[in-house]
Amino acid sequence: MSASYNGVVVVAPVTIPYRRYAQHDAHWFLAKAVAGLRDAAGLATDDIDGLAVSSFTLFPDTAVGLTQHLGLTPRFLEHVPMGGASAVVQLRRAARAVQAGDASIVACVAGDTNRVDSFRQNLANFSRFARDAVYPVGAGGPNASFALLTAYYMRVYGAKAADFGKLCVAQRDNAQTYPYALIRKPLTLDEYLTARLVADPLRLFDCVMPCAGAEGFLVMREQDARGRGLPFARILGSIERHNAYPEDPIQMRGGWAMDRDDLYAQAGVGPADMDFLQAYDDYPVITVMQLEDLGFCPKGEGADFVRRNSFTAKGSLPLNTSGGQLSAGQAGAAGGHLGMVEAIRQLTRQTLSAPIPDARIGLVSGFGMINYDRGICTGAAILAASEA
């Protein structure tokens with residue numbers, strides 16, 4: 001079991017408002033995020049001596065190039081190219097750096113721009129698999145992969161379109177109070193079911209909308225957060241796993257299933273103790289996979305679990321209380337940070353969306369990098385309010 005994260009906390013949840021398209025580079029959004037973290041915590045730029053960065057559109061720079069753009073001189077630096085798992089990975093590594101004394105305050109940021117042609121360019125060059133085996137035959141991008149996974153799940157486990165639709169409708173309901181969500185028009189189940197097909201069986205509202213924006217948070221010692229008067233959340237446990245179950249002919253489980261016992265043992269809690277779940281949600285089938293693999297229900301019973309819960313902020317098992325990517329938008333790599341930032345807000349009573357009553361403990365999970373036919377990066381973290 002991993003060592004405790006005692007003494008290390010997360011503070012200063014920051015969002016750079018999303019926009020559908022932008023002429024600014026990724027650097028602009030990431031710079032805004034770092035500046036926002038500095039200002040939210042009342043720091044001088046030199047106080048930030050650690051930096052972790054995730055971005056798809058930062059090229060040709062990486063994190064080290066960004067330091068020169070931002071005027072930072074960190075002694076701890078991470079470039080984390082893991083898409084939707086990046087927030088958890090950044091959190092884990094930043095926390096260990098602070099524990100070890102390699103850094104005092106680490107800024108964890110993710111952000112991307114989105115121009116008219118940005119998404120197509122990302123698809124064409126996403127990976128060697130994408131460049132050689134997927135994009136040339138017209139199947140570039142995640143729609144085809146997730147259509148395959150969704151159809152398989154429906155066929156094997158008996159899930160219905162309405163089950164996935166319930167998640168989309170619940171998250172849209174949550175988005176009503178989140179000011180940065182790009183899609184806040186109320187959504188009914190009938191509207192979901194009658195929306196046009198994108199890649200059978202995926203419908204329009206199953207798919208995230210690419211956009212531009214950034215997210216960020218700070219990792220520091222608890223004593224420093226208290227000294228600065230900053231509301232904080234504690235880290236009870238975390239896991240990450242890459243290329244889990246490569247022998248599976250189709251992805252129906254992720255690395256969470258391999259390591260969840262360790263996660264809950266670290267935290268001293270179980271799924272029933274979670275006041276909310278912020279799950280990576282580029283497509284509803286992946287949300288269902290996380291519900292199963294994180295132990296909220298057995299494998300194959302995700303649809304029944306969905307039918308039994310409401311997932312709204314004031315209902316049973318609040319899910320993606322900012323609306324998630326399916327309503328807020330997917331700001332590239334920042335999509336994996338959306339849930340982490342929302343979790344910190346809920347636990348530090350700084351919510352912009354509807355607060356979860358008496359939220360004390362929550363789980364954040366990440367999923368990323370569809371390299372060919374499956375996502376190969378997974379992670380999860382359990383956070384707690386300072387008084388929990």
# chains A, B, ... in the order shown; residues from 1 in each chain; ligands from 1
>>> residues_around(residues="A:Gln278", least_positions_apart="3", cutoff="9 Å", atoms="only C-alpha atoms", output="list in words")
Asp281, Pro318, Leu319, Asn320, Thr321, Gly324, Leu338, Gly339, Met340, Glu342, Ala343, Gly362, Leu363, Val364, Ser365 and Gly366 of chain A
>>> residues_around(residues="stretch 209-217 of chain A", least_positions_apart="5", cutoff="7 Å", atoms="only C-alpha atoms", output="ChimeraX atom specification")
/A:10-22,29-30,33,37,107-114,329-332,334,337-338,341
>>> atom_distance(atom1="atom CA of A:Leu230", atom2="atom CA of A:Gly268")
25.4 Å
>>> atom_distance(atom1="atom CA of A:Ala103", atom2="atom CA of A:Thr67")
15.4 Å
>>> residues_around(residues="stretch 248-254 of chain A", least_positions_apart="2", cutoff="10 Å", atoms="only C-alpha atoms", output="PyMOL selection string")
chain A and resi 145-146+148-150+152-153+241-246+256-259+285-286+288-290+292-294+299-300+367+373-379
>>> select_by_dssp(residues="stretch 245-380 of chain A", states="strand (DSSP E or B)", output="PyMOL selection string")
chain A and resi 276-279+319+330+361-370+375-380
>>> write_last_selection(atoms="C-alpha atoms", output="mmCIF file, in the first residue's frame")
data_model
loop_
_atom_site.group_PDB
_atom_site.id
_atom_site.type_symbol
_atom_site.label_atom_id
_atom_site.label_comp_id
_atom_site.auth_asym_id
_atom_site.auth_seq_id
_atom_site.Cartn_x
_atom_site.Cartn_y
_atom_site.Cartn_z
ATOM 1 C CA PHE A 276 -19.810 12.585 -4.476
ATOM 2 C CA LEU A 277 -18.010 11.254 -7.526
ATOM 3 C CA GLN A 278 -16.274 13.438 -10.102
ATOM 4 C CA ALA A 279 -15.716 10.937 -12.931
ATOM 5 C CA LEU A 319 -21.938 13.013 -10.115
ATOM 6 C CA GLN A 330 -13.819 19.546 -23.004
ATOM 7 C CA ILE A 361 -15.320 13.000 1.289
ATOM 8 C CA GLY A 362 -15.280 12.672 -2.499
ATOM 9 C CA LEU A 363 -13.674 10.604 -5.202
ATOM 10 C CA VAL A 364 -12.114 11.957 -8.407
ATOM 11 C CA SER A 365 -11.272 9.579 -11.246
ATOM 12 C CA GLY A 366 -9.437 10.121 -14.505
ATOM 13 C CA PHE A 367 -9.166 8.318 -17.820
ATOM 14 C CA GLY A 368 -7.132 9.255 -20.839
ATOM 15 C CA MET A 369 -5.185 8.665 -24.011
ATOM 16 C CA ILE A 370 -7.111 6.562 -26.516
ATOM 17 C CA GLY A 375 -7.713 4.413 -23.021
ATOM 18 C CA ILE A 376 -4.393 3.460 -21.469
ATOM 19 C CA CYS A 377 -4.129 5.914 -18.535
ATOM 20 C CA THR A 378 -6.300 5.673 -15.423
ATOM 21 C CA GLY A 379 -6.165 7.256 -11.997
ATOM 22 C CA ALA A 380 -8.263 8.074 -8.972
#
>>> atom_distance(atom1="atom CA of A:Val64", atom2="atom CA of A:Ala87")
18.2 Å
>>> residues_around(residues="A:Ala147", least_positions_apart="2", cutoff="8 Å", atoms="only C-alpha atoms", output="PyMOL selection string")
chain A and resi 143-145+149-151+199-202
>>> residues_around(residues="stretch 70-82 of chain A", least_positions_apart="6", cutoff="9 Å", atoms="only C-alpha atoms", output="PDB file with N, CA, C and O atoms, in the first residue's frame")
ATOM      1  N   HIS A  27      -0.531  28.515 -24.437  1.00  0.00           N
ATOM      2  CA  HIS A  27       0.312  29.228 -23.476  1.00  0.00           C
ATOM      3  C   HIS A  27      -0.480  30.307 -22.735  1.00  0.00           C
ATOM      4  O   HIS A  27      -0.273  30.521 -21.531  1.00  0.00           O
ATOM      5  N   ALA A  31      -0.942  30.345 -18.805  1.00  0.00           N
ATOM      6  CA  ALA A  31      -0.434  31.503 -18.064  1.00  0.00           C
ATOM      7  C   ALA A  31      -1.533  32.109 -17.196  1.00  0.00           C
ATOM      8  O   ALA A  31      -1.299  32.490 -16.039  1.00  0.00           O
ATOM      9  N   VAL A  34      -1.932  29.865 -14.112  1.00  0.00           N
ATOM     10  CA  VAL A  34      -0.877  30.060 -13.117  1.00  0.00           C
ATOM     11  C   VAL A  34      -1.062  31.389 -12.395  1.00  0.00           C
ATOM     12  O   VAL A  34      -0.938  31.476 -11.162  1.00  0.00           O
ATOM     13  N   THR A  45       5.150  35.369  -7.467  1.00  0.00           N
ATOM     14  CA  THR A  45       5.501  34.386  -8.495  1.00  0.00           C
ATOM     15  C   THR A  45       6.621  33.472  -8.025  1.00  0.00           C
ATOM     16  O   THR A  45       6.588  32.249  -8.261  1.00  0.00           O
ATOM     17  N   ASP A  46       7.609  34.001  -7.322  1.00  0.00           N
ATOM     18  CA  ASP A  46       8.740  33.207  -6.873  1.00  0.00           C
ATOM     19  C   ASP A  46       8.370  32.191  -5.798  1.00  0.00           C
ATOM     20  O   ASP A  46       9.155  31.275  -5.512  1.00  0.00           O
ATOM     21  N   ILE A  48       6.081  30.037  -6.111  1.00  0.00           N
ATOM     22  CA  ILE A  48       5.741  28.799  -6.821  1.00  0.00           C
ATOM     23  C   ILE A  48       7.043  28.175  -7.310  1.00  0.00           C
ATOM     24  O   ILE A  48       7.653  28.634  -8.272  1.00  0.00           O
ATOM     25  N   ASP A  49       7.493  27.130  -6.616  1.00  0.00           N
ATOM     26  CA  ASP A  49       8.764  26.488  -6.979  1.00  0.00           C
ATOM     27  C   ASP A  49       8.584  25.106  -7.574  1.00  0.00           C
ATOM     28  O   ASP A  49       9.542  24.364  -7.744  1.00  0.00           O
ATOM     29  N   GLY A  50       7.341  24.766  -7.916  1.00  0.00           N
ATOM     30  CA  GLY A  50       7.057  23.520  -8.609  1.00  0.00           C
ATOM     31  C   GLY A  50       5.972  23.743  -9.651  1.00  0.00           C
ATOM     32  O   GLY A  50       5.079  24.587  -9.455  1.00  0.00           O
ATOM     33  N   LEU A  51       6.057  23.039 -10.766  1.00  0.00           N
ATOM     34  CA  LEU A  51       5.090  23.212 -11.852  1.00  0.00           C
ATOM     35  C   LEU A  51       4.831  21.869 -12.513  1.00  0.00           C
ATOM     36  O   LEU A  51       5.766  21.137 -12.854  1.00  0.00           O
ATOM     37  N   ALA A  52       3.546  21.547 -12.682  1.00  0.00           N
ATOM     38  CA  ALA A  52       3.129  20.369 -13.445  1.00  0.00           C
ATOM     39  C   ALA A  52       2.164  20.836 -14.523  1.00  0.00           C
ATOM     40  O   ALA A  52       1.222  21.580 -14.231  1.00  0.00           O
ATOM     41  N   VAL A  53       2.392  20.398 -15.760  1.00  0.00           N
ATOM     42  CA  VAL A  53       1.659  20.923 -16.913  1.00  0.00           C
ATOM     43  C   VAL A  53       1.120  19.776 -17.766  1.00  0.00           C
ATOM     44  O   VAL A  53       1.824  18.795 -18.014  1.00  0.00           O
ATOM     45  N   SER A  54      -0.114  19.933 -18.218  1.00  0.00           N
ATOM     46  CA  SER A  54      -0.708  19.017 -19.192  1.00  0.00           C
ATOM     47  C   SER A  54      -1.365  19.834 -20.292  1.00  0.00           C
ATOM     48  O   SER A  54      -2.105  20.789 -20.006  1.00  0.00           O
ATOM     49  N   SER A  55      -1.091  19.486 -21.543  1.00  0.00           N
ATOM     50  CA  SER A  55      -1.682  20.208 -22.672  1.00  0.00           C
ATOM     51  C   SER A  55      -1.451  19.412 -23.945  1.00  0.00           C
ATOM     52  O   SER A  55      -0.384  18.812 -24.118  1.00  0.00           O
ATOM     53  N   PHE A  56      -2.430  19.428 -24.833  1.00  0.00           N
ATOM     54  CA  PHE A  56      -2.284  18.818 -26.154  1.00  0.00           C
ATOM     55  C   PHE A  56      -1.779  19.817 -27.188  1.00  0.00           C
ATOM     56  O   PHE A  56      -1.233  19.423 -28.215  1.00  0.00           O
ATOM     57  N   THR A  62       7.119  22.140 -24.286  1.00  0.00           N
ATOM     58  CA  THR A  62       6.653  21.283 -23.205  1.00  0.00           C
ATOM     59  C   THR A  62       6.685  22.126 -21.942  1.00  0.00           C
ATOM     60  O   THR A  62       6.822  23.349 -21.995  1.00  0.00           O
ATOM     61  N   ALA A  63       6.573  21.487 -20.790  1.00  0.00           N
ATOM     62  CA  ALA A  63       6.550  22.241 -19.541  1.00  0.00           C
ATOM     63  C   ALA A  63       7.797  23.098 -19.373  1.00  0.00           C
ATOM     64  O   ALA A  63       7.723  24.231 -18.877  1.00  0.00           O
ATOM     65  N   VAL A  64       8.936  22.577 -19.800  1.00  0.00           N
ATOM     66  CA  VAL A  64      10.162  23.344 -19.586  1.00  0.00           C
ATOM     67  C   VAL A  64      10.189  24.612 -20.442  1.00  0.00           C
ATOM     68  O   VAL A  64      10.642  25.672 -19.994  1.00  0.00           O
ATOM     69  N   VAL A  89      -2.541  12.228 -11.740  1.00  0.00           N
ATOM     70  CA  VAL A  89      -1.102  11.982 -11.812  1.00  0.00           C
ATOM     71  C   VAL A  89      -0.328  13.199 -11.307  1.00  0.00           C
ATOM     72  O   VAL A  89       0.637  13.074 -10.542  1.00  0.00           O
ATOM     73  N   GLN A  90      -0.735  14.399 -11.721  1.00  0.00           N
ATOM     74  CA  GLN A  90      -0.087  15.613 -11.214  1.00  0.00           C
ATOM     75  C   GLN A  90      -0.208  15.696  -9.694  1.00  0.00           C
ATOM     76  O   GLN A  90       0.769  16.013  -8.998  1.00  0.00           O
ATOM     77  N   ARG A  93       2.175  13.166  -7.863  1.00  0.00           N
ATOM     78  CA  ARG A  93       3.597  13.454  -7.958  1.00  0.00           C
ATOM     79  C   ARG A  93       3.947  14.765  -7.265  1.00  0.00           C
ATOM     80  O   ARG A  93       5.006  14.887  -6.636  1.00  0.00           O
ATOM     81  N   ALA A  94       3.054  15.745  -7.373  1.00  0.00           N
ATOM     82  CA  ALA A  94       3.287  16.999  -6.666  1.00  0.00           C
ATOM     83  C   ALA A  94       3.276  16.779  -5.155  1.00  0.00           C
ATOM     84  O   ALA A  94       4.105  17.353  -4.424  1.00  0.00           O
ATOM     85  N   ALA A  97       6.506  15.291  -4.100  1.00  0.00           N
ATOM     86  CA  ALA A  97       7.583  16.274  -4.166  1.00  0.00           C
ATOM     87  C   ALA A  97       7.553  17.187  -2.942  1.00  0.00           C
ATOM     88  O   ALA A  97       8.599  17.506  -2.367  1.00  0.00           O
ATOM     89  N   ASP A 102      11.255  18.486  -2.178  1.00  0.00           N
ATOM     90  CA  ASP A 102      11.742  18.893  -3.502  1.00  0.00           C
ATOM     91  C   ASP A 102      11.047  20.153  -4.002  1.00  0.00           C
ATOM     92  O   ASP A 102      11.513  20.782  -4.957  1.00  0.00           O
ATOM     93  N   ALA A 103       9.928  20.502  -3.406  1.00  0.00           N
ATOM     94  CA  ALA A 103       9.218  21.733  -3.726  1.00  0.00           C
ATOM     95  C   ALA A 103       8.355  22.096  -2.534  1.00  0.00           C
ATOM     96  O   ALA A 103       7.997  21.235  -1.716  1.00  0.00           O
ATOM     97  N   VAL A 106       3.467  23.634  -5.460  1.00  0.00           N
ATOM     98  CA  VAL A 106       3.436  23.164  -6.845  1.00  0.00           C
ATOM     99  C   VAL A 106       2.140  23.608  -7.506  1.00  0.00           C
ATOM    100  O   VAL A 106       1.046  23.328  -6.999  1.00  0.00           O
ATOM    101  N   ALA A 333      -6.743  18.899 -22.559  1.00  0.00           N
ATOM    102  CA  ALA A 333      -6.230  18.204 -21.387  1.00  0.00           C
ATOM    103  C   ALA A 333      -6.859  18.701 -20.094  1.00  0.00           C
ATOM    104  O   ALA A 333      -6.843  17.994 -19.083  1.00  0.00           O
ATOM    105  N   GLY A 336      -9.509  16.599 -17.880  1.00  0.00           N
ATOM    106  CA  GLY A 336      -9.182  15.731 -16.760  1.00  0.00           C
ATOM    107  C   GLY A 336      -9.053  16.471 -15.450  1.00  0.00           C
ATOM    108  O   GLY A 336      -9.063  15.856 -14.376  1.00  0.00           O
ATOM    109  N   PHE A 367      -9.304   9.321 -16.759  1.00  0.00           N
ATOM    110  CA  PHE A 367      -9.166   8.318 -17.820  1.00  0.00           C
ATOM    111  C   PHE A 367      -8.666   9.042 -19.055  1.00  0.00           C
ATOM    112  O   PHE A 367      -9.188  10.102 -19.407  1.00  0.00           O
ATOM    113  N   GLY A 368      -7.634   8.513 -19.698  1.00  0.00           N
ATOM    114  CA  GLY A 368      -7.132   9.255 -20.839  1.00  0.00           C
ATOM    115  C   GLY A 368      -6.332   8.460 -21.833  1.00  0.00           C
ATOM    116  O   GLY A 368      -5.957   7.310 -21.589  1.00  0.00           O
ATOM    117  N   MET A 369      -6.081   9.118 -22.965  1.00  0.00           N
ATOM    118  CA  MET A 369      -5.185   8.665 -24.011  1.00  0.00           C
ATOM    119  C   MET A 369      -5.687   7.416 -24.735  1.00  0.00           C
ATOM    120  O   MET A 369      -5.232   6.296 -24.499  1.00  0.00           O
ATOM    121  N   ILE A 376      -5.460   4.199 -22.149  1.00  0.00           N
ATOM    122  CA  ILE A 376      -4.393   3.460 -21.469  1.00  0.00           C
ATOM    123  C   ILE A 376      -3.921   4.115 -20.174  1.00  0.00           C
ATOM    124  O   ILE A 376      -3.036   3.581 -19.514  1.00  0.00           O
ATOM    125  N   CYS A 377      -4.499   5.272 -19.788  1.00  0.00           N
ATOM    126  CA  CYS A 377      -4.129   5.914 -18.535  1.00  0.00           C
ATOM    127  C   CYS A 377      -5.349   6.001 -17.624  1.00  0.00           C
ATOM    128  O   CYS A 377      -6.401   6.486 -18.053  1.00  0.00           O
ATOM    129  N   THR A 378      -5.217   5.547 -16.395  1.00  0.00           N
ATOM    130  CA  THR A 378      -6.300   5.673 -15.423  1.00  0.00           C
ATOM    131  C   THR A 378      -5.731   6.133 -14.092  1.00  0.00           C
ATOM    132  O   THR A 378      -4.575   5.863 -13.762  1.00  0.00           O
TER     133      THR A 378
END
>>> residues_around(residues="A:Ser238", least_positions_apart="4", cutoff="8 Å", atoms="only C-alpha atoms", output="list in words")
Val88, Arg92, Leu263, Gln266, Gly379, Ala380, Ala381 and Ile382 of chain A
>>> write_last_selection(atoms="C-alpha atoms", output="PDB file, in the first residue's frame")
ATOM      1  CA  VAL A  88      -4.639  12.662 -10.594  1.00  0.00           C
ATOM      2  CA  ARG A  92       0.217  12.332  -6.759  1.00  0.00           C
ATOM      3  CA  LEU A 263      -7.070   3.189  -2.894  1.00  0.00           C
ATOM      4  CA  GLN A 266      -5.071   4.146   1.915  1.00  0.00           C
ATOM      5  CA  GLY A 379      -6.165   7.256 -11.997  1.00  0.00           C
ATOM      6  CA  ALA A 380      -8.263   8.074  -8.972  1.00  0.00           C
ATOM      7  CA  ALA A 381      -7.916  10.090  -5.787  1.00  0.00           C
ATOM      8  CA  ILE A 382      -9.982  10.418  -2.614  1.00  0.00           C
TER       9      ILE A 382
END
>>> residues_around(residues="A:Asp190", least_positions_apart="5", cutoff="12 Å", atoms="only C-alpha atoms", output="list in words")
Ala161, Ala162, Gly165, Lys166, Cys168, Val169, Ala195 and Phe205 of chain A
>>> select_by_dssp(residues="stretch 19-229 of chain A", states="helix (DSSP H, G or I)", output="PyMOL selection string")
chain A and resi 26-41+45-47+63-70+83-100+118-124+128-137+142-157+161-175+189-194+204-206+222-227
